[in-house]
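Trainee: Contents are mmCIF, C-alpha atoms; file name protein-v4.cif:
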```cif
data_input
#
loop_
_atom_site.label_atom_id
_atom_site.label_comp_id
_atom_site.auth_asym_id
_atom_site.auth_seq_id
_atom_site.Cartn_x
_atom_site.Cartn_y
_atom_site.Cartn_z
CA MET Z 266 -50.52 2.48 33.97
CA MET Z 267 -47.72 1.73 31.53
CA PRO Z 268 -47.09 -2.01 31.10
CA SER Z 269 -43.59 -3.44 31.27
CA LEU Z 270 -42.17 -5.65 28.53
CA PHE Z 271 -39.77 -8.49 28.01
CA ILE Z 272 -38.44 -8.33 24.46
CA ALA Z 273 -36.17 -10.84 22.76
CA HIS Z 274 -33.47 -8.93 20.88
CA GLY Z 275 -32.49 -11.91 18.73
CA ALA Z 276 -29.41 -11.65 16.51
CA PRO Z 277 -27.90 -8.22 15.65
CA LEU Z 278 -29.13 -8.67 12.06
CA LEU Z 279 -32.63 -7.72 13.24
CA ALA Z 280 -31.43 -4.13 13.04
CA ILE Z 281 -31.34 -4.29 9.22
CA GLU Z 282 -33.87 -7.04 8.48
CA ASP Z 283 -37.48 -6.70 7.42
CA ASN Z 284 -39.39 -9.73 8.68
CA GLU Z 285 -42.37 -10.77 10.78
CA TYR Z 286 -40.65 -9.92 14.04
CA THR Z 287 -39.15 -6.56 13.07
CA GLN Z 288 -42.51 -5.54 11.63
CA PHE Z 289 -44.20 -6.50 14.89
CA LEU Z 290 -41.81 -4.43 17.01
CA THR Z 291 -42.11 -1.45 14.68
CA GLN Z 292 -45.90 -1.60 14.92
CA LEU Z 293 -45.76 -2.07 18.69
CA GLY Z 294 -43.83 1.17 19.05
CA LYS Z 295 -46.54 2.96 17.06
CA THR Z 296 -49.53 1.52 18.93
CA MET Z 297 -48.36 1.57 22.55
CA PRO Z 298 -48.85 4.75 24.59
CA ARG Z 299 -45.83 6.97 24.09
CA PRO Z 300 -43.63 6.68 27.19
CA LYS Z 301 -42.03 9.55 29.05
CA ALA Z 302 -38.82 7.50 29.15
CA VAL Z 303 -37.57 3.92 28.77
CA VAL Z 304 -35.71 2.01 31.48
CA LEU Z 305 -34.02 -0.97 29.85
CA PHE Z 306 -32.28 -3.97 31.44
CA SER Z 307 -29.98 -5.47 28.81
CA ALA Z 308 -28.58 -9.00 28.77
CA HIS Z 309 -25.43 -7.53 27.22
CA TRP Z 310 -24.60 -5.39 30.23
CA GLU Z 311 -23.55 -7.71 33.04
CA SER Z 312 -22.30 -6.33 36.32
CA ARG Z 313 -21.94 -7.64 39.86
CA ALA Z 314 -23.27 -4.34 41.17
CA GLN Z 315 -26.57 -3.02 39.86
CA LYS Z 316 -25.65 -0.23 37.45
CA VAL Z 317 -27.89 2.73 36.72
CA SER Z 318 -26.91 4.95 33.81
CA ASN Z 319 -26.94 8.72 34.08
CA VAL Z 320 -25.74 9.69 30.60
CA ASP Z 321 -26.46 12.87 28.69
CA GLN Z 322 -26.17 11.32 25.21
CA TYR Z 323 -25.34 7.68 24.52
CA SER Z 324 -22.76 6.38 22.12
CA THR Z 325 -23.62 3.24 20.12
CA ILE Z 326 -21.75 0.07 21.11
CA TYR Z 327 -21.09 -2.60 18.46
CA ASP Z 328 -20.58 -5.54 20.80
CA PHE Z 329 -20.51 -8.20 18.06
CA GLY Z 330 -18.30 -9.22 15.18
CA GLY Z 331 -18.46 -10.76 11.73
CA PHE Z 332 -21.77 -9.26 10.62
CA ASP Z 333 -22.83 -7.10 7.68
CA GLU Z 334 -20.86 -3.85 7.56
CA ALA Z 335 -24.14 -1.93 7.50
CA LEU Z 336 -24.67 -2.79 11.17
CA TYR Z 337 -21.54 -0.86 12.14
CA GLN Z 338 -22.84 2.29 10.49
CA ILE Z 339 -25.99 2.48 12.61
CA GLN Z 340 -26.15 5.20 15.24
CA TYR Z 341 -28.76 5.45 17.97
CA PRO Z 342 -27.97 8.75 19.74
CA ALA Z 343 -30.56 8.55 22.51
CA HIS Z 344 -30.40 10.91 25.46
CA GLY Z 345 -30.69 10.04 29.12
CA ASP Z 346 -32.90 11.64 31.76
CA GLU Z 347 -31.11 12.76 34.91
CA GLN Z 348 -34.34 13.26 36.85
CA ILE Z 349 -35.50 9.68 36.29
CA SER Z 350 -32.01 8.32 37.01
CA LYS Z 351 -32.11 10.16 40.33
CA GLU Z 352 -35.59 8.79 41.01
CA ILE Z 353 -34.32 5.25 40.40
CA GLU Z 354 -31.51 5.91 42.87
CA GLY Z 355 -34.10 6.90 45.47
CA LEU Z 356 -36.28 3.86 44.81
CA PHE Z 357 -33.32 1.49 45.10
CA THR Z 358 -32.18 3.18 48.30
CA LYS Z 359 -35.67 2.87 49.79
CA SER Z 360 -35.85 -0.84 48.83
CA GLY Z 361 -32.33 -1.68 50.02
CA VAL Z 362 -31.01 -2.46 46.53
CA PRO Z 363 -27.27 -1.66 46.24
CA PHE Z 364 -26.37 0.21 43.07
CA GLU Z 365 -23.70 2.23 41.28
CA ILE Z 366 -24.07 5.12 38.85
CA GLU Z 367 -22.57 4.80 35.35
CA THR Z 368 -21.94 8.05 33.45
CA GLN Z 369 -19.95 6.90 30.39
CA ARG Z 370 -21.23 3.63 28.93
CA GLY Z 371 -23.13 3.69 25.65
CA LEU Z 372 -26.01 1.48 24.53
CA ASP Z 373 -25.14 -2.12 23.61
CA HIS Z 374 -27.00 -3.96 20.86
CA GLY Z 375 -29.34 -5.59 23.37
CA ALA Z 376 -30.61 -2.06 23.95
CA TRP Z 377 -30.29 -0.16 20.67
CA VAL Z 378 -31.56 -2.89 18.33
CA VAL Z 379 -34.81 -3.07 20.30
CA LEU Z 380 -35.13 0.66 20.88
CA ARG Z 381 -34.43 1.52 17.24
CA LEU Z 382 -37.25 -0.76 16.08
CA LEU Z 383 -39.68 0.66 18.65
CA TYR Z 384 -38.62 4.31 18.49
CA PRO Z 385 -36.51 4.86 15.37
CA ASN Z 386 -36.06 8.60 15.94
CA ALA Z 387 -34.14 8.11 19.22
CA ASP Z 388 -36.35 10.83 20.70
CA ILE Z 389 -37.35 9.13 23.96
CA PRO Z 390 -34.97 9.34 26.94
CA VAL Z 391 -33.33 6.08 27.99
CA ILE Z 392 -31.96 4.87 31.31
CA SER Z 393 -29.80 1.81 30.70
CA MET Z 394 -29.57 -0.86 33.43
CA SER Z 395 -27.25 -3.81 33.99
CA VAL Z 396 -28.20 -7.38 34.94
CA ASN Z 397 -26.49 -9.83 37.28
CA SER Z 398 -26.72 -13.55 36.53
CA SER Z 399 -25.12 -14.43 39.87
CA LEU Z 400 -28.22 -13.25 41.72
CA THR Z 401 -31.14 -15.57 42.36
CA PRO Z 402 -34.33 -15.07 40.35
CA GLU Z 403 -35.96 -13.82 43.57
CA GLU Z 404 -33.31 -11.11 43.88
CA GLN Z 405 -33.65 -10.10 40.23
CA TYR Z 406 -37.42 -9.90 40.65
CA LYS Z 407 -36.94 -7.72 43.76
CA ILE Z 408 -34.84 -5.24 41.78
CA GLY Z 409 -37.61 -4.92 39.22
CA LYS Z 410 -40.25 -4.63 41.93
CA ALA Z 411 -38.43 -1.64 43.42
CA LEU Z 412 -39.15 0.27 40.20
CA SER Z 413 -42.86 -0.57 39.92
CA SER Z 414 -44.01 2.96 40.77
CA LEU Z 415 -42.34 4.29 37.62
CA ARG Z 416 -45.00 2.64 35.47
CA ALA Z 417 -47.61 5.01 36.93
CA LYS Z 418 -45.45 7.89 35.68
CA ASP Z 419 -45.54 6.73 32.05
CA VAL Z 420 -42.09 5.13 32.17
CA LEU Z 421 -41.76 2.00 30.02
CA ILE Z 422 -39.56 -0.68 31.59
CA ILE Z 423 -38.07 -3.30 29.26
CA GLY Z 424 -36.08 -6.45 29.90
CA SER Z 425 -34.12 -7.29 26.74
CA GLY Z 426 -32.83 -10.84 26.26
CA GLY Z 427 -34.31 -14.10 25.04
CA THR Z 428 -36.32 -16.92 26.61
CA VAL Z 429 -34.48 -19.57 24.55
CA HIS Z 430 -30.92 -18.51 23.74
CA ASN Z 431 -28.31 -21.21 23.14
CA LEU Z 432 -25.83 -20.09 20.51
CA ARG Z 433 -24.23 -23.53 20.34
CA ALA Z 434 -27.54 -25.10 19.30
CA LEU Z 435 -28.48 -22.67 16.51
CA LYS Z 436 -29.08 -23.91 12.98
CA TRP Z 437 -27.92 -21.15 10.66
CA ILE Z 438 -29.88 -22.68 7.76
CA ASP Z 439 -33.32 -21.48 8.82
CA ASN Z 440 -36.25 -23.61 7.60
CA GLY Z 441 -38.84 -21.79 9.69
CA GLU Z 442 -39.40 -24.67 12.08
CA ALA Z 443 -38.76 -24.61 15.83
CA ASP Z 444 -37.00 -27.46 17.63
CA GLN Z 445 -39.28 -29.50 19.87
CA TRP Z 446 -37.10 -29.06 22.95
CA ALA Z 447 -37.26 -25.27 22.57
CA LEU Z 448 -41.04 -25.32 22.21
CA GLU Z 449 -41.42 -27.52 25.28
CA PHE Z 450 -39.37 -25.14 27.42
CA ASP Z 451 -41.10 -22.04 26.09
CA ASP Z 452 -44.55 -23.59 26.56
CA TRP Z 453 -43.71 -24.45 30.18
CA LEU Z 454 -42.47 -20.94 30.76
CA GLY Z 455 -45.55 -19.38 29.21
CA HIS Z 456 -47.90 -21.49 31.32
CA HIS Z 457 -46.25 -20.44 34.57
CA LEU Z 458 -45.85 -16.80 33.55
CA GLN Z 459 -49.56 -16.50 32.85
CA LYS Z 460 -50.33 -18.06 36.23
CA TRP Z 461 -47.74 -15.74 37.85
CA ASP Z 462 -46.39 -18.86 39.49
CA LEU Z 463 -43.29 -17.42 41.08
CA GLN Z 464 -42.59 -20.54 43.12
CA SER Z 465 -42.11 -22.57 39.93
CA LEU Z 466 -40.54 -19.81 37.85
CA PHE Z 467 -37.84 -19.16 40.43
CA LYS Z 468 -36.89 -22.84 40.12
CA TYR Z 469 -37.12 -22.97 36.32
CA ASP Z 470 -33.64 -24.46 36.02
CA SER Z 471 -34.72 -27.64 37.84
CA LEU Z 472 -38.42 -27.76 36.91
CA ALA Z 473 -38.71 -26.66 33.28
CA PRO Z 474 -38.22 -29.28 30.56
CA ASN Z 475 -34.97 -28.85 28.62
CA ALA Z 476 -33.90 -25.91 30.78
CA GLU Z 477 -30.25 -26.89 30.43
CA TYR Z 478 -30.51 -26.39 26.65
CA ALA Z 479 -32.80 -23.36 26.60
CA VAL Z 480 -30.90 -21.49 29.31
CA PRO Z 481 -27.34 -22.87 29.33
CA ARG Z 482 -25.22 -21.88 32.29
CA TYR Z 483 -22.92 -19.86 30.05
CA GLY Z 484 -25.90 -17.91 28.67
CA SER Z 485 -28.35 -17.31 31.51
CA GLU Z 486 -27.85 -13.54 31.20
CA HIS Z 487 -30.28 -13.59 28.25
CA PHE Z 488 -33.04 -15.26 30.23
CA ILE Z 489 -32.91 -13.31 33.49
CA PRO Z 490 -34.13 -9.94 32.17
CA ILE Z 491 -37.59 -11.50 32.25
CA PHE Z 492 -37.47 -11.49 36.06
CA TYR Z 493 -36.51 -7.82 36.21
CA ALA Z 494 -39.36 -6.91 33.85
CA MET Z 495 -41.86 -9.15 35.62
CA GLY Z 496 -40.97 -7.72 39.02
CA THR Z 497 -41.92 -4.23 37.91
CA ALA Z 498 -45.52 -5.42 37.53
CA ASP Z 499 -45.76 -7.15 40.92
CA ASP Z 500 -48.57 -4.75 41.86
CA ASN Z 501 -50.67 -5.88 38.88
CA ARG Z 502 -49.83 -9.52 38.24
CA LYS Z 503 -50.91 -10.03 34.66
CA ALA Z 504 -48.79 -11.60 31.93
CA ALA Z 505 -49.65 -11.80 28.23
CA LEU Z 506 -47.64 -13.25 25.37
CA ILE Z 507 -48.08 -10.75 22.54
CA HIS Z 508 -45.64 -12.29 20.07
CA ARG Z 509 -43.71 -15.52 19.65
CA SER Z 510 -41.68 -16.83 16.75
CA PHE Z 511 -38.39 -18.68 16.34
CA ARG Z 512 -35.35 -18.30 14.10
CA TYR Z 513 -32.47 -20.67 13.39
CA GLY Z 514 -34.30 -23.64 14.91
CA ASN Z 515 -34.48 -22.46 18.49
CA LEU Z 516 -33.69 -18.76 18.93
CA SER Z 517 -36.85 -17.33 20.46
CA HIS Z 518 -38.40 -14.04 19.45
CA SER Z 519 -40.82 -13.62 22.34
CA VAL Z 520 -42.47 -10.46 23.63
CA TRP Z 521 -44.20 -10.62 26.99
CA GLN Z 522 -46.32 -7.81 28.42
CA PHE Z 523 -46.65 -7.49 32.18
CA GLY Z 524 -49.14 -5.43 34.15
#
```
Please re-express this file's structure in structure tokens.
Mentor:
Amino acid sequence: MMPSLFIAHGAPLLAIEDNEYTQFLTQLGKTMPRPKAVVLFSAHWESRAQKVSNVDQYSTIYDFGGFDEALYQIQYPAHGDEQISKEIEGLFTKSGVPFEIETQRGLDHGAWVVLRLLYPNADIPVISMSVNSSLTPEEQYKIGKALSSLRAKDVLIIGSGGTVHNLRALKWIDNGEADQWALEFDDWLGHHLQKWDLQSLFKYDSLAPNAEYAVPRYGSEHFIPIFYAMGTADDNRKAALIHRSFRYGNLSHSVWQFG
């Protein structure tokens, strides 16, 4: 059974950096079982309706500005998989999840930065998925749960975002230390993820310490992919933190494995 993952995609610069986190993701791609395809929920694709991509070959979206010119030269020409897209349509229909098909949109940096580190040759089919921060965590979890059977078919499901992601709080002079408030939130989250304590997790915004800083209302789209990824492992409720580090004082680089 293929696990599902929540992967923090950090800042776009990860695409050209060589550091502890990029080395971890590169090694993870080499050591995990090779998936038949990747289904990826990206924090940078927000939509009121659940979108399911059915794209032959993806363009590369540069949805950021002011970074090193080398970033804008990167291409990640992954292909889609029509059969798996159609299977997702069927699973959503069976579970009562409304959805729309997207046939044009490329891969945003929440998708291609992660995928390029895991699978640099762009040789694994990708089905890109939107997220909706207006839904409740229960509803986001339900969407993920509808796709749980894909894991038995060697499909890797990824939620790409960040557990602590507050751009207004970043310290661009990085001294390697994590802010206490960020650690407190992330520790609370980790405790309840490992217990699979959905009752608490679904109320993280009122129960978790420093939630208003870690997951600001203007930036919750980066946190919620964890519920989509977690839901896909509802049939095998195991959560393991396989990497955690911080950049810029409080930007989390966390990787959670579910199932």
Trainee: Hey, what comes out of the PyMOL selection byres ((chain Z and resi 466-478) around 9) on this file? Could you write it as a list in words?
Mentor: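 With the shown file as input, the PyMOL selection byres ((chain Z and resi 466-478) around 9) matches Thr401, Pro402, Glu403, Val429, His430, Asn431, Ala434, Trp446, Ala447, Glu449, Phe450, Asp451, Trp453, Leu454, His457, Leu458, Trp461, Asp462, Leu463, Gln464, Ser465, Ala479, Val480, Pro481, Arg482 and Phe492 of chain Z.
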Trainee: Could you tell me, as a PDB file with C-alpha atoms, in the coordinates of the input, exactly which residues end up selected when the PyMOL selection byres ((chain Z and resi 494) around 9) is applied to this structure?
Mentor:
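To be explicit, this is the file written out as result-v2.pdb:
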```pdb
ATOM      1  CA  SER Z 269     -43.590  -3.440  31.270  1.00  0.00           C
ATOM      2  CA  LEU Z 270     -42.170  -5.650  28.530  1.00  0.00           C
ATOM      3  CA  PHE Z 271     -39.770  -8.490  28.010  1.00  0.00           C
ATOM      4  CA  LEU Z 305     -34.020  -0.970  29.850  1.00  0.00           C
ATOM      5  CA  PHE Z 306     -32.280  -3.970  31.440  1.00  0.00           C
ATOM      6  CA  TYR Z 406     -37.420  -9.900  40.650  1.00  0.00           C
ATOM      7  CA  GLY Z 409     -37.610  -4.920  39.220  1.00  0.00           C
ATOM      8  CA  LYS Z 410     -40.250  -4.630  41.930  1.00  0.00           C
ATOM      9  CA  ILE Z 422     -39.560  -0.680  31.590  1.00  0.00           C
ATOM     10  CA  ILE Z 423     -38.070  -3.300  29.260  1.00  0.00           C
ATOM     11  CA  GLY Z 424     -36.080  -6.450  29.900  1.00  0.00           C
ATOM     12  CA  SER Z 425     -34.120  -7.290  26.740  1.00  0.00           C
ATOM     13  CA  PRO Z 490     -34.130  -9.940  32.170  1.00  0.00           C
ATOM     14  CA  ILE Z 491     -37.590 -11.500  32.250  1.00  0.00           C
ATOM     15  CA  PHE Z 492     -37.470 -11.490  36.060  1.00  0.00           C
ATOM     16  CA  TYR Z 493     -36.510  -7.820  36.210  1.00  0.00           C
ATOM     17  CA  MET Z 495     -41.860  -9.150  35.620  1.00  0.00           C
ATOM     18  CA  GLY Z 496     -40.970  -7.720  39.020  1.00  0.00           C
ATOM     19  CA  THR Z 497     -41.920  -4.230  37.910  1.00  0.00           C
ATOM     20  CA  ALA Z 498     -45.520  -5.420  37.530  1.00  0.00           C
ATOM     21  CA  GLN Z 522     -46.320  -7.810  28.420  1.00  0.00           C
ATOM     22  CA  PHE Z 523     -46.650  -7.490  32.180  1.00  0.00           C
TER      23      PHE Z 523
END
```
Trainee: Atom CA of Val304 of chain Z and atom CA of Ser350 of chain Z, how far apart in Å?
Mentor: 9.2 Å
Trainee: Take the point (-45.3, -0.4, 16.4) as written in the file and pick out every residue within 12 Å of it, counting all atoms listed in the file; give the list as a CSV table (one decimal) with C-alpha atoms, keeping the file's coordinate frame.
Mentor:
```
chain,number,residue,atom,x,y,z
Z,286,TYR,CA,-40.6,-9.9,14.0
Z,287,THR,CA,-39.2,-6.6,13.1
Z,288,GLN,CA,-42.5,-5.5,11.6
Z,289,PHE,CA,-44.2,-6.5,14.9
Z,290,LEU,CA,-41.8,-4.4,17.0
Z,291,THR,CA,-42.1,-1.4,14.7
Z,292,GLN,CA,-45.9,-1.6,14.9
Z,293,LEU,CA,-45.8,-2.1,18.7
Z,294,GLY,CA,-43.8,1.2,19.0
Z,295,LYS,CA,-46.5,3.0,17.1
Z,296,THR,CA,-49.5,1.5,18.9
Z,297,MET,CA,-48.4,1.6,22.6
Z,298,PRO,CA,-48.8,4.8,24.6
Z,299,ARG,CA,-45.8,7.0,24.1
Z,379,VAL,CA,-34.8,-3.1,20.3
Z,380,LEU,CA,-35.1,0.7,20.9
Z,381,ARG,CA,-34.4,1.5,17.2
Z,382,LEU,CA,-37.2,-0.8,16.1
Z,383,LEU,CA,-39.7,0.7,18.6
Z,384,TYR,CA,-38.6,4.3,18.5
Z,385,PRO,CA,-36.5,4.9,15.4
```
Trainee: Work out how far atom CA of Gln338 of chain Z is from atom CA of Arg433 of chain Z, in Å to one decimal.
Mentor: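 It comes out at 27.7 Å.
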Trainee: Please provide as number ranges by chain all residues within 8 Å of Ser395 of chain Z, with the sequence filter that same-chain residues fewer than 5 positions apart are discarded (counting only C-alpha atoms).
Mentor: Z: 306-312, 315-317
Trainee: Residues picked by the PyMOL selection byres ((chain Z and resi 278) around 12) here, as a compact mmCIF listing (two decimals) with C-alpha atoms, keeping the file's coordinate frame?
Mentor:
```txt
# COMPACT_ATOMS: atom_id res chain seq x y z
CA HIS Z 274 -33.47 -8.93 20.88
CA GLY Z 275 -32.49 -11.91 18.73
CA ALA Z 276 -29.41 -11.65 16.51
CA PRO Z 277 -27.90 -8.22 15.65
CA LEU Z 279 -32.63 -7.72 13.24
CA ALA Z 280 -31.43 -4.13 13.04
CA ILE Z 281 -31.34 -4.29 9.22
CA GLU Z 282 -33.87 -7.04 8.48
CA ASP Z 283 -37.48 -6.70 7.42
CA ASN Z 284 -39.39 -9.73 8.68
CA TYR Z 286 -40.65 -9.92 14.04
CA THR Z 287 -39.15 -6.56 13.07
CA TYR Z 327 -21.09 -2.60 18.46
CA PHE Z 329 -20.51 -8.20 18.06
CA GLY Z 330 -18.30 -9.22 15.18
CA GLY Z 331 -18.46 -10.76 11.73
CA PHE Z 332 -21.77 -9.26 10.62
CA ASP Z 333 -22.83 -7.10 7.68
CA GLU Z 334 -20.86 -3.85 7.56
CA ALA Z 335 -24.14 -1.93 7.50
CA LEU Z 336 -24.67 -2.79 11.17
CA TYR Z 337 -21.54 -0.86 12.14
CA ILE Z 339 -25.99 2.48 12.61
CA HIS Z 374 -27.00 -3.96 20.86
CA GLY Z 375 -29.34 -5.59 23.37
CA VAL Z 378 -31.56 -2.89 18.33
CA VAL Z 379 -34.81 -3.07 20.30
CA ARG Z 512 -35.35 -18.30 14.10
```
Trainee: Pick the closest to Lys460 of chain Z from Z:Ala504, Z:Val420, Z:Leu432, Z:Leu516: which is it, counting all atoms listed in the file?
Mentor: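 Nearest candidate to Lys460 of chain Z out of Z:Ala504, Z:Val420, Z:Leu432, Z:Leu516: Z:Ala504.
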Trainee: Could you tell me how far atom CA of Thr368 of chain Z lies from atom CA of Asp321 of chain Z, in Å and to one decimal?
Mentor: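 Distance reported for this atom pair: 8.1 Å.
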Trainee: Mind listing whatever residues come within 7 Å of the point (-28.3, 9.9, 32.2)? Use all atoms listed in the file, file coordinates, and give them as a short mmCIF file (atom, residue, chain, number, x, y, z; two decimals) with C-alpha atoms, keeping the file's coordinate frame.
Mentor:
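Saved result, point.cif, follows:
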```cif
data_model
loop_
_atom_site.label_atom_id
_atom_site.label_comp_id
_atom_site.auth_asym_id
_atom_site.auth_seq_id
_atom_site.Cartn_x
_atom_site.Cartn_y
_atom_site.Cartn_z
CA SER Z 318 -26.91 4.95 33.81
CA ASN Z 319 -26.94 8.72 34.08
CA VAL Z 320 -25.74 9.69 30.60
CA ASP Z 321 -26.46 12.87 28.69
CA GLY Z 345 -30.69 10.04 29.12
CA ASP Z 346 -32.90 11.64 31.76
CA GLU Z 347 -31.11 12.76 34.91
CA SER Z 350 -32.01 8.32 37.01
CA THR Z 368 -21.94 8.05 33.45
CA ILE Z 392 -31.96 4.87 31.31
#
```
Trainee: Please, what is the axis-aligned box for every listed atom of segment 362-378 of chain Z with 3 Å on each side, as centre and edge lengths in Å to one decimal, as JSON?
Mentor:
```
{"center_x": -25.8, "center_y": 1.2, "center_z": 32.4, "size_x": 17.6, "size_y": 19.6, "size_z": 34.2}
```
Trainee: Identify which of the residues Z:Ile507, Z:Glu352, Z:Arg313, Z:Gln340 lies closest to Ser413 of chain Z, counting all atoms listed in the file when measuring atom-to-atom distances.
Mentor: Z:Glu352
Trainee: Choose the residue, out of Z:Gly441, Z:Pro363, Z:Gly484, Z:Gly355, that has the smallest atom-to-atom separation from Leu412 of chain Z; count all atoms listed in the file.
Mentor: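 Result for the nearest residue to Leu412 of chain Z: Z:Gly355.
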Trainee: Would you mind telling me which residue in Z:Ser398, Z:Lys359, Z:Tyr513, Z:Asp419 lies nearest to Trp437 of chain Z when using only C-alpha atoms?
Mentor: Z:Tyr513
